[in-house]
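Trainee: Sharing coords12.cif here; it has mmCIF, C-alpha atoms; chains and numbers go by the auth columns.
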```cif
data_my_file
loop_
_atom_site.group_PDB
_atom_site.id
_atom_site.type_symbol
_atom_site.label_atom_id
_atom_site.label_comp_id
_atom_site.label_asym_id
_atom_site.label_seq_id
_atom_site.Cartn_x
_atom_site.Cartn_y
_atom_site.Cartn_z
_atom_site.B_iso_or_equiv
_atom_site.auth_seq_id
_atom_site.auth_asym_id
ATOM 1 C CA MET A 1 185.057 289.173 -66.144 0.00 1 M
ATOM 2 C CA ALA A 2 182.806 287.725 -68.856 0.00 2 M
ATOM 3 C CA ARG A 3 179.978 289.990 -70.002 0.00 3 M
ATOM 4 C CA THR A 4 176.373 288.856 -69.631 0.00 4 M
ATOM 5 C CA LEU A 5 173.108 290.071 -71.109 0.00 5 M
ATOM 6 C CA ARG A 6 172.111 291.631 -67.771 0.00 6 M
ATOM 7 C CA GLU A 7 174.187 294.642 -68.887 0.00 7 M
ATOM 8 C CA ARG A 8 171.563 295.358 -71.547 0.00 8 M
ATOM 9 C CA PHE A 9 168.522 293.694 -69.966 0.00 9 M
ATOM 10 C CA PRO A 10 168.593 294.420 -66.205 0.00 10 M
ATOM 11 C CA ASN A 11 165.312 292.548 -65.608 0.00 11 M
ATOM 12 C CA ILE A 12 167.133 289.249 -66.227 0.00 12 M
ATOM 13 C CA ARG A 13 167.346 287.392 -62.931 0.00 13 M
ATOM 14 C CA THR A 14 170.311 285.837 -61.171 0.00 14 M
ATOM 15 C CA ARG A 15 170.969 282.103 -61.036 0.00 15 M
ATOM 16 C CA THR A 16 169.957 282.043 -57.351 0.00 16 M
ATOM 17 C CA GLU A 17 166.611 283.752 -58.102 0.00 17 M
ATOM 18 C CA VAL A 18 165.806 281.357 -60.943 0.00 18 M
ATOM 19 C CA LEU A 19 166.652 278.281 -58.885 0.00 19 M
ATOM 20 C CA GLU A 20 164.556 279.566 -55.978 0.00 20 M
ATOM 21 C CA GLU A 21 161.518 279.941 -58.230 0.00 21 M
ATOM 22 C CA ILE A 22 162.007 276.450 -59.668 0.00 22 M
ATOM 23 C CA ARG A 23 162.303 274.876 -56.206 0.00 23 M
ATOM 24 C CA ARG A 24 159.219 276.697 -54.869 0.00 24 M
ATOM 25 C CA THR A 25 156.995 274.964 -57.457 0.00 25 M
ATOM 26 C CA ALA A 26 156.798 271.181 -57.271 0.00 26 M
ATOM 27 C CA HIS A 27 156.090 270.435 -60.928 0.00 27 M
ATOM 28 C CA LEU A 28 158.845 272.827 -62.091 0.00 28 M
ATOM 29 C CA ASN A 29 161.333 271.244 -59.727 0.00 29 M
ATOM 30 C CA ASP A 30 160.309 267.726 -60.765 0.00 30 M
ATOM 31 C CA THR A 31 160.775 268.617 -64.436 0.00 31 M
ATOM 32 C CA PHE A 32 164.103 270.335 -63.807 0.00 32 M
ATOM 33 C CA LEU A 33 165.443 267.275 -61.965 0.00 33 M
ATOM 34 C CA THR A 34 164.640 264.993 -64.898 0.00 34 M
ATOM 35 C CA TRP A 35 167.073 266.918 -67.098 0.00 35 M
ATOM 36 C CA THR A 36 170.746 266.088 -67.511 0.00 36 M
ATOM 37 C CA GLU A 37 173.310 268.366 -65.880 0.00 37 M
ATOM 38 C CA GLU A 38 174.135 269.765 -69.320 0.00 38 M
ATOM 39 C CA GLN A 39 170.483 270.601 -70.005 0.00 39 M
ATOM 40 C CA GLN A 40 170.085 272.234 -66.582 0.00 40 M
ATOM 41 C CA THR A 41 173.182 274.360 -67.177 0.00 41 M
ATOM 42 C CA GLU A 42 172.033 275.416 -70.640 0.00 42 M
ATOM 43 C CA PHE A 43 168.607 276.409 -69.305 0.00 43 M
ATOM 44 C CA LEU A 44 170.065 278.404 -66.404 0.00 44 M
ATOM 45 C CA ASP A 45 172.592 280.080 -68.698 0.00 45 M
ATOM 46 C CA PHE A 46 169.972 281.577 -70.980 0.00 46 M
ATOM 47 C CA CYS A 47 167.607 282.396 -68.090 0.00 47 M
ATOM 48 C CA THR A 48 170.390 284.407 -66.444 0.00 48 M
ATOM 49 C CA GLY A 49 171.921 285.982 -69.546 0.00 49 M
ATOM 50 C CA VAL A 50 175.161 284.000 -69.453 0.00 50 M
ATOM 51 C CA ARG A 51 174.246 282.854 -72.968 0.00 51 M
ATOM 52 C CA GLY A 52 171.726 284.140 -75.448 0.00 52 M
ATOM 53 C CA ILE A 53 168.733 282.157 -76.646 0.00 53 M
ATOM 54 C CA LYS A 54 169.432 279.589 -79.358 0.00 54 M
ATOM 55 C CA MET A 55 167.158 281.067 -82.014 0.00 55 M
ATOM 56 C CA LEU A 56 167.412 277.993 -84.222 0.00 56 M
ATOM 57 C CA TYR A 57 165.380 276.001 -81.695 0.00 57 M
ATOM 58 C CA ASP A 58 161.978 275.402 -83.272 0.00 58 M
ATOM 59 C CA SER A 59 159.863 277.052 -80.554 0.00 59 M
ATOM 60 C CA PHE A 60 162.005 280.199 -80.399 0.00 60 M
ATOM 61 C CA PHE A 61 162.334 280.616 -84.168 0.00 61 M
ATOM 62 C CA LYS A 62 158.616 280.194 -84.784 0.00 62 M
ATOM 63 C CA GLU A 63 157.779 282.682 -82.028 0.00 63 M
ATOM 64 C CA ILE A 64 160.222 285.372 -83.128 0.00 64 M
ATOM 65 C CA MET A 65 159.856 284.922 -86.911 0.00 65 M
ATOM 66 C CA ASN A 66 156.134 284.122 -86.948 0.00 66 M
ATOM 67 C CA PRO A 67 154.845 285.415 -90.319 0.00 67 M
ATOM 68 C CA SER A 68 151.265 285.563 -88.997 0.00 68 M
ATOM 69 C CA THR A 69 151.974 287.877 -86.035 0.00 69 M
ATOM 70 C CA THR A 70 155.204 289.705 -86.979 0.00 70 M
ATOM 71 C CA PRO A 71 155.534 289.387 -90.772 0.00 71 M
ATOM 72 C CA GLU A 72 157.902 292.366 -90.971 0.00 72 M
ATOM 73 C CA ARG A 73 160.748 290.314 -89.468 0.00 73 M
ATOM 74 C CA LEU A 74 160.600 287.466 -91.968 0.00 74 M
ATOM 75 C CA GLU A 75 159.915 289.990 -94.742 0.00 75 M
ATOM 76 C CA GLU A 76 163.133 291.847 -94.010 0.00 76 M
ATOM 77 C CA PHE A 77 165.141 288.646 -93.747 0.00 77 M
ATOM 78 C CA LEU A 78 163.759 287.317 -97.043 0.00 78 M
ATOM 79 C CA SER A 79 164.270 290.682 -98.745 0.00 79 M
ATOM 80 C CA LEU A 80 167.940 290.616 -97.801 0.00 80 M
ATOM 81 C CA VAL A 81 168.438 286.963 -98.765 0.00 81 M
ATOM 82 C CA LEU A 82 166.576 287.228 -102.097 0.00 82 M
ATOM 83 C CA GLU A 83 167.946 290.716 -102.833 0.00 83 M
ATOM 84 C CA LYS A 84 164.516 292.161 -103.608 0.00 84 M
ATOM 85 C CA GLN A 85 161.763 293.738 -101.559 0.00 85 M
ATOM 86 C CA VAL A 86 159.171 291.165 -100.521 0.00 86 M
ATOM 87 C CA THR A 87 155.819 291.315 -98.765 0.00 87 M
ATOM 88 C CA ILE A 88 154.214 288.272 -97.145 0.00 88 M
ATOM 89 C CA MET A 89 150.610 287.889 -98.270 0.00 89 M
ATOM 90 C CA GLU A 90 149.708 284.468 -96.882 0.00 90 M
ATOM 91 C CA VAL A 91 151.114 281.693 -94.692 0.00 91 M
ATOM 92 C CA LEU A 92 150.684 278.320 -96.382 0.00 92 M
ATOM 93 C CA PRO A 93 150.338 274.920 -94.682 0.00 93 M
ATOM 94 C CA ASN A 94 153.494 272.848 -94.705 0.00 94 M
ATOM 95 C CA ASP A 95 153.873 269.131 -95.258 0.00 95 M
ATOM 96 C CA ASN A 96 153.414 267.763 -91.743 0.00 96 M
ATOM 97 C CA THR A 97 154.111 264.222 -92.933 0.00 97 M
ATOM 98 C CA ARG A 98 157.533 265.249 -94.199 0.00 98 M
ATOM 99 C CA ILE A 99 158.355 267.048 -90.951 0.00 99 M
ATOM 100 C CA ALA A 100 157.385 263.945 -88.971 0.00 100 M
ATOM 101 C CA GLU A 101 159.516 261.697 -91.193 0.00 101 M
ATOM 102 C CA GLU A 102 162.532 263.996 -91.019 0.00 102 M
ATOM 103 C CA GLY A 103 162.044 265.170 -87.447 0.00 103 M
ATOM 104 C CA ALA A 104 165.504 264.119 -86.312 0.00 104 M
ATOM 105 C CA LEU A 105 167.198 266.649 -88.581 0.00 105 M
ATOM 106 C CA LEU A 106 164.551 269.144 -89.700 0.00 106 M
ATOM 107 C CA VAL A 107 164.038 271.907 -87.117 0.00 107 M
ATOM 108 C CA THR A 108 161.368 274.020 -88.736 0.00 108 M
ATOM 109 C CA ASP A 109 159.691 274.640 -92.076 0.00 109 M
ATOM 110 C CA ILE A 110 157.744 277.829 -92.895 0.00 110 M
ATOM 111 C CA ILE A 111 156.054 278.371 -96.265 0.00 111 M
ATOM 112 C CA VAL A 112 154.746 281.798 -97.293 0.00 112 M
ATOM 113 C CA MET A 113 153.232 283.334 -100.407 0.00 113 M
ATOM 114 C CA LEU A 114 154.753 286.674 -101.338 0.00 114 M
ATOM 115 C CA GLY A 115 153.137 289.759 -102.813 0.00 115 M
ATOM 116 C CA ASP A 116 154.014 288.846 -106.408 0.00 116 M
ATOM 117 C CA GLY A 117 152.484 285.385 -106.019 0.00 117 M
ATOM 118 C CA SER A 118 155.804 283.583 -105.618 0.00 118 M
ATOM 119 C CA ILE A 119 156.307 281.061 -102.814 0.00 119 M
ATOM 120 C CA ALA A 120 159.178 280.935 -100.334 0.00 120 M
ATOM 121 C CA ASN A 121 159.963 277.939 -98.155 0.00 121 M
ATOM 122 C CA VAL A 122 162.250 278.745 -95.195 0.00 122 M
ATOM 123 C CA GLU A 123 163.725 275.643 -93.614 0.00 123 M
ATOM 124 C CA ILE A 124 166.214 275.064 -90.791 0.00 124 M
ATOM 125 C CA GLN A 125 168.157 271.826 -90.464 0.00 125 M
ATOM 126 C CA LYS A 126 170.184 270.752 -87.427 0.00 126 M
ATOM 127 C CA PHE A 127 172.516 268.621 -89.541 0.00 127 M
ATOM 128 C CA GLY A 128 172.578 268.773 -93.310 0.00 128 M
ATOM 129 C CA TYR A 129 171.019 265.791 -95.044 0.00 129 M
ATOM 130 C CA ALA A 130 172.936 263.654 -97.515 0.00 130 M
ATOM 131 C CA PHE A 131 172.220 264.593 -101.138 0.00 131 M
ATOM 132 C CA PRO A 132 171.171 268.187 -100.317 0.00 132 M
ATOM 133 C CA GLY A 133 170.723 269.195 -103.961 0.00 133 M
ATOM 134 C CA GLU A 134 168.520 266.278 -104.869 0.00 134 M
ATOM 135 C CA ARG A 135 166.440 266.786 -101.737 0.00 135 M
ATOM 136 C CA CYS A 136 165.953 270.521 -102.342 0.00 136 M
ATOM 137 C CA SER A 137 164.940 269.829 -105.958 0.00 137 M
ATOM 138 C CA CYS A 138 162.305 267.304 -104.879 0.00 138 M
ATOM 139 C CA TYR A 139 160.638 269.613 -102.361 0.00 139 M
ATOM 140 C CA ALA A 140 160.828 272.621 -104.669 0.00 140 M
ATOM 141 C CA ALA A 141 159.108 270.497 -107.315 0.00 141 M
ATOM 142 C CA ASP A 142 156.457 269.547 -104.760 0.00 142 M
ATOM 143 C CA MET A 143 155.802 273.214 -103.912 0.00 143 M
ATOM 144 C CA LEU A 144 155.670 274.090 -107.606 0.00 144 M
ATOM 145 C CA LEU A 145 153.131 271.342 -108.262 0.00 145 M
ATOM 146 C CA ARG A 146 151.018 272.474 -105.296 0.00 146 M
ATOM 147 C CA GLN A 147 151.006 276.006 -106.700 0.00 147 M
ATOM 148 C CA TYR A 148 150.151 274.746 -110.195 0.00 148 M
ATOM 149 C CA LYS A 149 147.161 272.748 -108.947 0.00 149 M
ATOM 150 C CA LYS A 150 145.875 275.653 -106.840 0.00 150 M
ATOM 151 C CA VAL A 151 146.204 278.255 -109.595 0.00 151 M
ATOM 152 C CA ARG A 152 144.788 275.992 -112.303 0.00 152 M
ATOM 153 C CA SER A 153 141.777 275.181 -110.116 0.00 153 M
ATOM 154 C CA LYS A 154 141.186 278.874 -109.421 0.00 154 M
ATOM 155 C CA ARG A 155 141.754 280.219 -112.941 0.00 155 M
ATOM 156 C CA ARG A 156 140.100 277.306 -114.829 0.00 156 M
ATOM 157 C CA LYS A 157 139.778 278.192 -118.542 0.00 157 M
ATOM 158 C CA LYS A 158 141.670 281.447 -117.999 0.00 158 M
ATOM 159 C CA PHE A 159 144.716 279.543 -116.727 0.00 159 M
ATOM 160 C CA SER A 160 148.081 280.283 -118.299 0.00 160 M
ATOM 161 C CA TYR A 161 151.508 278.994 -117.319 0.00 161 M
ATOM 162 C CA LYS A 162 152.410 282.644 -116.914 0.00 162 M
ATOM 163 C CA ASP A 163 150.221 282.534 -113.783 0.00 163 M
ATOM 164 C CA ILE A 164 152.757 280.227 -112.098 0.00 164 M
ATOM 165 C CA LYS A 165 155.300 282.233 -110.081 0.00 165 M
ATOM 166 C CA ASP A 166 158.778 281.584 -108.711 0.00 166 M
ATOM 167 C CA VAL A 167 159.364 279.059 -105.951 0.00 167 M
ATOM 168 C CA TYR A 168 162.208 279.878 -103.544 0.00 168 M
ATOM 169 C CA THR A 169 163.759 277.298 -101.237 0.00 169 M
ATOM 170 C CA ILE A 170 165.867 278.867 -98.465 0.00 170 M
ATOM 171 C CA VAL A 171 167.681 276.362 -96.243 0.00 171 M
ATOM 172 C CA LEU A 172 169.691 277.347 -93.153 0.00 172 M
ATOM 173 C CA TYR A 173 172.020 274.649 -91.854 0.00 173 M
ATOM 174 C CA ALA A 174 173.112 274.660 -88.223 0.00 174 M
ATOM 175 C CA LYS A 175 175.740 272.130 -89.294 0.00 175 M
ATOM 176 C CA SER A 176 176.181 271.979 -93.037 0.00 176 M
ATOM 177 C CA PRO A 177 176.727 268.928 -95.277 0.00 177 M
ATOM 178 C CA LYS A 178 180.277 267.989 -96.262 0.00 178 M
ATOM 179 C CA GLU A 179 179.979 269.570 -99.722 0.00 179 M
ATOM 180 C CA PHE A 180 179.936 273.029 -98.164 0.00 180 M
ATOM 181 C CA LYS A 181 183.309 272.517 -96.482 0.00 181 M
ATOM 182 C CA GLU A 182 184.958 272.956 -99.889 0.00 182 M
ATOM 183 C CA PHE A 183 183.968 276.660 -99.645 0.00 183 M
ATOM 184 C CA PRO A 184 185.170 277.667 -96.162 0.00 184 M
ATOM 185 C CA GLU A 185 184.792 281.420 -96.834 0.00 185 M
ATOM 186 C CA THR A 186 181.329 281.297 -98.430 0.00 186 M
ATOM 187 C CA TYR A 187 178.114 281.200 -96.404 0.00 187 M
ATOM 188 C CA LEU A 188 175.528 282.159 -99.041 0.00 188 M
ATOM 189 C CA HIS A 189 175.000 279.911 -102.059 0.00 189 M
ATOM 190 C CA SER A 190 172.359 280.943 -104.622 0.00 190 M
ATOM 191 C CA PHE A 191 171.214 278.603 -107.388 0.00 191 M
ATOM 192 C CA ARG A 192 169.296 279.583 -110.512 0.00 192 M
ATOM 193 C CA GLN A 193 168.775 277.614 -113.705 0.00 193 M
ATOM 194 C CA GLN A 194 170.294 279.109 -116.844 0.00 194 M
ATOM 195 C CA SER A 195 171.216 278.039 -120.320 0.00 195 M
ATOM 196 C CA ASN A 196 174.769 277.459 -121.556 0.00 196 M
ATOM 197 C CA THR A 197 173.989 279.429 -124.730 0.00 197 M
ATOM 198 C CA GLY A 198 172.465 282.620 -123.338 0.00 198 M
ATOM 199 C CA LEU A 199 168.926 281.604 -124.301 0.00 199 M
ATOM 200 C CA ASN A 200 166.691 283.486 -121.884 0.00 200 M
ATOM 201 C CA ILE A 201 163.756 281.346 -120.707 0.00 201 M
ATOM 202 C CA LYS A 202 162.184 281.915 -117.294 0.00 202 M
ATOM 203 C CA MET A 203 162.725 278.959 -114.948 0.00 203 M
ATOM 204 C CA LEU A 204 160.798 279.023 -111.684 0.00 204 M
ATOM 205 C CA GLN A 205 162.849 277.081 -109.113 0.00 205 M
ATOM 206 C CA LYS A 206 165.437 279.065 -107.151 0.00 206 M
ATOM 207 C CA PHE A 207 167.483 278.092 -104.112 0.00 207 M
ATOM 208 C CA VAL A 208 169.506 279.822 -101.394 0.00 208 M
ATOM 209 C CA LEU A 209 171.535 277.590 -99.060 0.00 209 M
ATOM 210 C CA ILE A 210 173.102 279.134 -95.948 0.00 210 M
ATOM 211 C CA PRO A 211 175.627 277.155 -93.853 0.00 211 M
ATOM 212 C CA LEU A 212 175.509 278.950 -90.503 0.00 212 M
ATOM 213 C CA ASP A 213 178.464 276.993 -89.111 0.00 213 M
ATOM 214 C CA ILE A 214 180.637 278.447 -91.873 0.00 214 M
ATOM 215 C CA PHE A 215 179.119 281.899 -91.318 0.00 215 M
ATOM 216 C CA ARG A 216 180.158 281.787 -87.649 0.00 216 M
ATOM 217 C CA LYS A 217 183.769 281.081 -88.599 0.00 217 M
ATOM 218 C CA VAL A 218 183.776 283.878 -91.188 0.00 218 M
ATOM 219 C CA ARG A 219 182.190 286.296 -88.710 0.00 219 M
ATOM 220 C CA GLN A 220 184.852 285.553 -86.099 0.00 220 M
ATOM 221 C CA ASN A 221 187.490 286.712 -88.590 0.00 221 M
ATOM 222 C CA LYS A 222 185.652 289.605 -90.250 0.00 222 M
ATOM 223 C CA GLY A 223 182.922 290.752 -87.849 0.00 223 M
ATOM 224 C CA ILE A 224 179.403 291.828 -88.834 0.00 224 M
ATOM 225 C CA GLY A 225 179.348 294.100 -91.855 0.00 225 M
ATOM 226 C CA ASN A 226 175.703 294.526 -92.908 0.00 226 M
ATOM 227 C CA ARG A 227 172.087 293.799 -91.967 0.00 227 M
ATOM 228 C CA LEU A 228 171.996 290.357 -93.578 0.00 228 M
ATOM 229 C CA GLU A 229 175.051 289.332 -91.565 0.00 229 M
ATOM 230 C CA ALA A 230 173.348 290.789 -88.482 0.00 230 M
ATOM 231 C CA TRP A 231 170.286 288.594 -89.096 0.00 231 M
ATOM 232 C CA LEU A 232 172.476 285.521 -89.571 0.00 232 M
ATOM 233 C CA ALA A 233 174.360 286.329 -86.359 0.00 233 M
ATOM 234 C CA PHE A 234 171.030 286.780 -84.558 0.00 234 M
ATOM 235 C CA LEU A 235 169.963 283.312 -85.687 0.00 235 M
ATOM 236 C CA ALA A 236 173.287 281.537 -85.280 0.00 236 M
ATOM 237 C CA GLU A 237 174.983 283.047 -82.219 0.00 237 M
ATOM 238 C CA ASP A 238 174.284 282.869 -78.475 0.00 238 M
ATOM 239 C CA ASP A 239 177.515 284.552 -77.358 0.00 239 M
ATOM 240 C CA PRO A 240 176.553 287.561 -75.147 0.00 240 M
ATOM 241 C CA GLU A 241 179.285 289.669 -76.799 0.00 241 M
ATOM 242 C CA VAL A 242 177.634 289.164 -80.196 0.00 242 M
ATOM 243 C CA VAL A 243 174.113 289.709 -78.838 0.00 243 M
ATOM 244 C CA LEU A 244 175.186 292.962 -77.156 0.00 244 M
ATOM 245 C CA GLU A 245 176.825 294.142 -80.390 0.00 245 M
ATOM 246 C CA LEU A 246 173.626 293.399 -82.334 0.00 246 M
ATOM 247 C CA THR A 247 171.417 295.279 -79.845 0.00 247 M
ATOM 248 C CA ALA A 248 173.765 298.266 -79.942 0.00 248 M
ATOM 249 C CA ARG A 249 174.127 298.468 -83.734 0.00 249 M
ATOM 250 C CA TYR A 250 170.823 297.125 -85.013 0.00 250 M
#
```
Translate this structure into structure tokens?
Mentor:
Amino acid sequence: MARTLRERFPNIRTRTEVLEEIRRTAHLNDTFLTWTEEQQTEFLDFCTGVRGIKMLYDSFFKEIMNPSTTPERLEEFLSLVLEKQVTIMEVLPNDNTRIAEEGALLVTDIIVMLGDGSIANVEIQKFGYAFPGERCSCYAADMLLRQYKKVRSKRRKKFSYKDIKDVYTIVLYAKSPKEFKEFPETYLHSFRQQSNTGLNIKMLQKFVLIPLDIFRKVRQNKGIGNRLEAWLAFLAEDDPEVVLELTARY
């Protein structure tokens, strides 16, 4: 018999109980009946613990990883991804125009300023865009310019380019672009600019790209080995077996 999340969360209701509540309330029932059979099944599955919540959905991700109300969650995730301890100092406004233009593929976009003044942009995409490198470079440049203007305005005559801090772009792909398929065992790609001669000059734009579809395949073969992999499984998986393992171990 397949396991469900009711084993760990006994307050989860049965399918019959959920359907009874929906049918007792006219507007709930009307809404439910407008959905396709697939949508109804998906909704009932996560209401009854047959499947876990899809954390990559915008509303769920923003609720669980909200840097304004529970910064410690995003702080831990970013610390693991960036391999350094980070503290979120401020939540910055994102580019609502860009989100509207790219709404078909872009799930969510959270921008935060960290304790050292650097900026991290965490973005989730349903399907990877074409030209992912060029796109990431453009939006990292935009964030860098926004930071430059803000710091220069604040510091005025005391401004120095040393005041400008790193800009991190972290992109999680639900379904990654074709370029990533050439690395079927790799689910964490970090990019940093460096010279071919060993000349050490600080460059500010850094990128971490995470193909969650590839991570799922790797996890199926190797399991979950550390806290970063646990976070990625939390975000990428709705299999009750995986969710129960995460609650038991982490």
Trainee: Within 10 Å of Arg219 in chain M, counting all atoms listed in the file, which residues qualify if same-chain residues fewer than 5 places away don't, as a list in words?
Mentor: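 Everything that qualifies: Glu185, Ile214, Ile224, Gly225, Glu229, Ala230, Leu232 and Ala233 of chain M.
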Trainee: Might you spell out which residues the PyMOL selection byres ((chain M and resi 119) around 9) would select in the displayed file, as a CSV table (one decimal) with C-alpha atoms, keeping the file's coordinate frame?
Mentor:
```csv
chain,number,residue,atom,x,y,z
M,92,LEU,CA,150.7,278.3,-96.4
M,111,ILE,CA,156.1,278.4,-96.3
M,112,VAL,CA,154.7,281.8,-97.3
M,113,MET,CA,153.2,283.3,-100.4
M,114,LEU,CA,154.8,286.7,-101.3
M,116,ASP,CA,154.0,288.8,-106.4
M,117,GLY,CA,152.5,285.4,-106.0
M,118,SER,CA,155.8,283.6,-105.6
M,120,ALA,CA,159.2,280.9,-100.3
M,121,ASN,CA,160.0,277.9,-98.2
M,143,MET,CA,155.8,273.2,-103.9
M,144,LEU,CA,155.7,274.1,-107.6
M,147,GLN,CA,151.0,276.0,-106.7
M,165,LYS,CA,155.3,282.2,-110.1
M,166,ASP,CA,158.8,281.6,-108.7
M,167,VAL,CA,159.4,279.1,-106.0
M,168,TYR,CA,162.2,279.9,-103.5
M,169,THR,CA,163.8,277.3,-101.2
```
Trainee: Enter the distance from CA of Arg15 in chain M to CA of Asp45 in chain M, in Å, rounded to one decimal.
Mentor: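 Distance between the two atoms: 8.1 Å.
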Trainee: Quick one: pull the distance between CA of Asp238 in chain M and CA of Leu212 in chain M, Å, one decimal.
Mentor: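 Here the two named atoms are 12.7 Å from each other.
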Trainee: CA of Ile110 in chain M to CA of Ile170 in chain M: how many Å, to one decimal?
Mentor: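 Between these atoms lies a distance of 9.9 Å.
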Trainee: When distances are computed from only C-alpha atoms, which of M:Glu237, M:Asp213, M:Thr16, M:Glu90 shows the smallest separation from Asn66 in chain M?
Mentor: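 Ranked by minimum distance to Asn66 in chain M, first place goes to M:Glu90.
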